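Right, one structure below, let's go through it.
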Amino acid sequence: MSDNTVSKAKMHFMLKSTPPRTTFHQDMTAEERDIMLKHIAYWTDKQNQGIALVFGPVLNPSAPHGLAIIEVENDAQVPRLIEEDPAVIAGIMPTEFYPMKAMLPKQYT
């Protein structure tokens with residue numbers, strides 16, 4: 001394989017979003033529900049683009065949160081992805097992120 005055909009390894013990050021209250025998934029207002037539907041559509045689009053490998057709510061009763069594992073070309077993409085999230089823009093889901101050394105299934109060609 002020549003140097004021209006070697007692809008750069010992608011980077012992986014874990015994103016954790018914190019709802020405004022522990023009961024959020026049960027008692028969202030109509031406005032919050034609309035924002036969350038946009039949030040889900042946003043991350044579904046990122047999943048369809050191959051960026052979000054998995055995402056969704058973690059239903060821990062004492063500390064519920066959203067979780068996403070993303071795959072990007074470089075770490076500069078991560079803050080932009082978060083900043084463009086409708087739930088982050090609305091101020092209802094602050095999101096933190098951490099690099100991850102992901103173990104992915106072997107790809108067969």
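In the structure tokens, each chain is lettered A, B, ... as it comes, each chain's residues begin at 1, and ligands are numbered from 1 in order of appearance.
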
Shell around stretch 37-50 of chain A at 12 Å using only C-alpha atoms, local window under 5 positions removed, as a VMD selection string: chain A and resid 10 12 15 17 28 30 to 32 55 to 57 66 to 73 78 81 to 93

Using backbone DSSP assignments, extract all strand (DSSP E or B) residues from chain A; output them as an mmCIF file with N, CA and C atoms, in the first residue's frame.
```
data_model
loop_
_atom_site.group_PDB
_atom_site.id
_atom_site.type_symbol
_atom_site.label_atom_id
_atom_site.label_comp_id
_atom_site.auth_asym_id
_atom_site.auth_seq_id
_atom_site.Cartn_x
_atom_site.Cartn_y
_atom_site.Cartn_z
ATOM 1 N N MET A 11 -10.562 10.153 14.804
ATOM 2 C CA MET A 11 -10.540 10.333 16.250
ATOM 3 C C MET A 11 -11.943 10.093 16.793
ATOM 4 N N HIS A 12 -12.008 9.615 18.033
ATOM 5 C CA HIS A 12 -13.290 9.328 18.674
ATOM 6 C C HIS A 12 -13.420 10.126 19.964
ATOM 7 N N PHE A 13 -14.658 10.549 20.230
ATOM 8 C CA PHE A 13 -14.944 11.317 21.431
ATOM 9 C C PHE A 13 -16.249 10.836 22.042
ATOM 10 N N MET A 14 -16.320 10.935 23.369
ATOM 11 C CA MET A 14 -17.543 10.670 24.107
ATOM 12 C C MET A 14 -18.127 12.027 24.470
ATOM 13 N N LEU A 15 -19.400 12.234 24.149
ATOM 14 C CA LEU A 15 -20.100 13.461 24.507
ATOM 15 C C LEU A 15 -21.122 13.117 25.580
ATOM 16 N N LYS A 16 -21.194 13.950 26.602
ATOM 17 C CA LYS A 16 -22.170 13.754 27.678
ATOM 18 C C LYS A 16 -22.966 15.039 27.840
ATOM 19 N N SER A 17 -24.277 14.934 27.667
ATOM 20 C CA SER A 17 -25.176 16.084 27.797
ATOM 21 C C SER A 17 -25.992 15.927 29.072
ATOM 22 N N ALA A 52 -21.822 10.478 14.142
ATOM 23 C CA ALA A 52 -22.320 9.926 15.406
ATOM 24 C C ALA A 52 -22.452 8.419 15.230
ATOM 25 N N LEU A 53 -21.643 7.663 15.943
ATOM 26 C CA LEU A 53 -21.704 6.204 15.843
ATOM 27 C C LEU A 53 -22.893 5.670 16.619
ATOM 28 N N VAL A 54 -23.165 6.295 17.760
ATOM 29 C CA VAL A 54 -24.309 5.934 18.598
ATOM 30 C C VAL A 54 -24.645 7.144 19.458
ATOM 31 N N PHE A 55 -25.921 7.338 19.745
ATOM 32 C CA PHE A 55 -26.324 8.416 20.638
ATOM 33 C C PHE A 55 -27.673 8.081 21.255
ATOM 34 N N GLY A 56 -27.952 8.676 22.412
ATOM 35 C CA GLY A 56 -29.242 8.487 23.041
ATOM 36 C C GLY A 56 -29.202 8.784 24.520
ATOM 37 N N PRO A 57 -30.387 8.736 25.151
ATOM 38 C CA PRO A 57 -30.458 9.016 26.584
ATOM 39 C C PRO A 57 -29.981 7.826 27.419
ATOM 40 N N VAL A 58 -29.346 8.141 28.521
ATOM 41 C CA VAL A 58 -28.960 7.138 29.507
ATOM 42 C C VAL A 58 -29.909 7.342 30.682
ATOM 43 N N HIS A 65 -28.641 11.375 31.599
ATOM 44 C CA HIS A 65 -27.869 12.215 30.699
ATOM 45 C C HIS A 65 -27.947 11.657 29.285
ATOM 46 N N GLY A 66 -27.533 12.464 28.343
ATOM 47 C CA GLY A 66 -27.413 12.010 26.967
ATOM 48 C C GLY A 66 -25.981 11.594 26.710
ATOM 49 N N LEU A 67 -25.801 10.614 25.841
ATOM 50 C CA LEU A 67 -24.468 10.104 25.529
ATOM 51 C C LEU A 67 -24.351 9.949 24.028
ATOM 52 N N ALA A 68 -23.204 10.320 23.489
ATOM 53 C CA ALA A 68 -22.915 10.082 22.079
ATOM 54 C C ALA A 68 -21.460 9.676 21.951
ATOM 55 N N ILE A 69 -21.216 8.776 21.032
ATOM 56 C CA ILE A 69 -19.853 8.429 20.638
ATOM 57 C C ILE A 69 -19.732 8.906 19.196
ATOM 58 N N ILE A 70 -18.764 9.797 18.962
ATOM 59 C CA ILE A 70 -18.618 10.361 17.626
ATOM 60 C C ILE A 70 -17.249 10.026 17.050
ATOM 61 N N GLU A 71 -17.183 10.064 15.729
ATOM 62 C CA GLU A 71 -15.950 9.804 14.990
ATOM 63 C C GLU A 71 -15.714 11.000 14.069
ATOM 64 N N VAL A 72 -14.555 11.648 14.226
ATOM 65 C CA VAL A 72 -14.251 12.854 13.472
ATOM 66 C C VAL A 72 -12.846 12.785 12.880
ATOM 67 N N THR A 95 -23.105 20.364 27.263
ATOM 68 C CA THR A 95 -22.447 19.139 26.803
ATOM 69 C C THR A 95 -20.951 19.234 27.009
ATOM 70 N N GLU A 96 -20.408 18.190 27.601
ATOM 71 C CA GLU A 96 -18.959 18.078 27.759
ATOM 72 C C GLU A 96 -18.475 16.944 26.872
ATOM 73 N N PHE A 97 -17.184 16.947 26.551
ATOM 74 C CA PHE A 97 -16.655 15.892 25.692
ATOM 75 C C PHE A 97 -15.258 15.496 26.131
ATOM 76 N N TYR A 98 -14.931 14.242 25.823
ATOM 77 C CA TYR A 98 -13.640 13.685 26.192
ATOM 78 C C TYR A 98 -13.136 12.802 25.061
ATOM 79 N N PRO A 99 -11.818 12.832 24.807
ATOM 80 C CA PRO A 99 -11.271 11.919 23.800
ATOM 81 C C PRO A 99 -11.470 10.476 24.257
ATOM 82 N N MET A 100 -11.582 9.604 23.291
ATOM 83 C CA MET A 100 -11.823 8.186 23.587
ATOM 84 C C MET A 100 -10.924 7.330 22.699
#
```

Based on the backbone DSSP call, show me all residues of chain A assigned alpha helix (DSSP H), as a ChimeraX atom specification. /A:24-27,30-48,77-83,86-89

Pick from A:Ser62, A:Ile51, A:Pro94, A:Ala76, whichever lies nearest to A:Pro19 using only C-alpha atoms: A:Pro94

For atom CA of A:Leu59 and atom CA of A:Pro79, quote the distance in Å rounded to one decimal. 24.8 Å
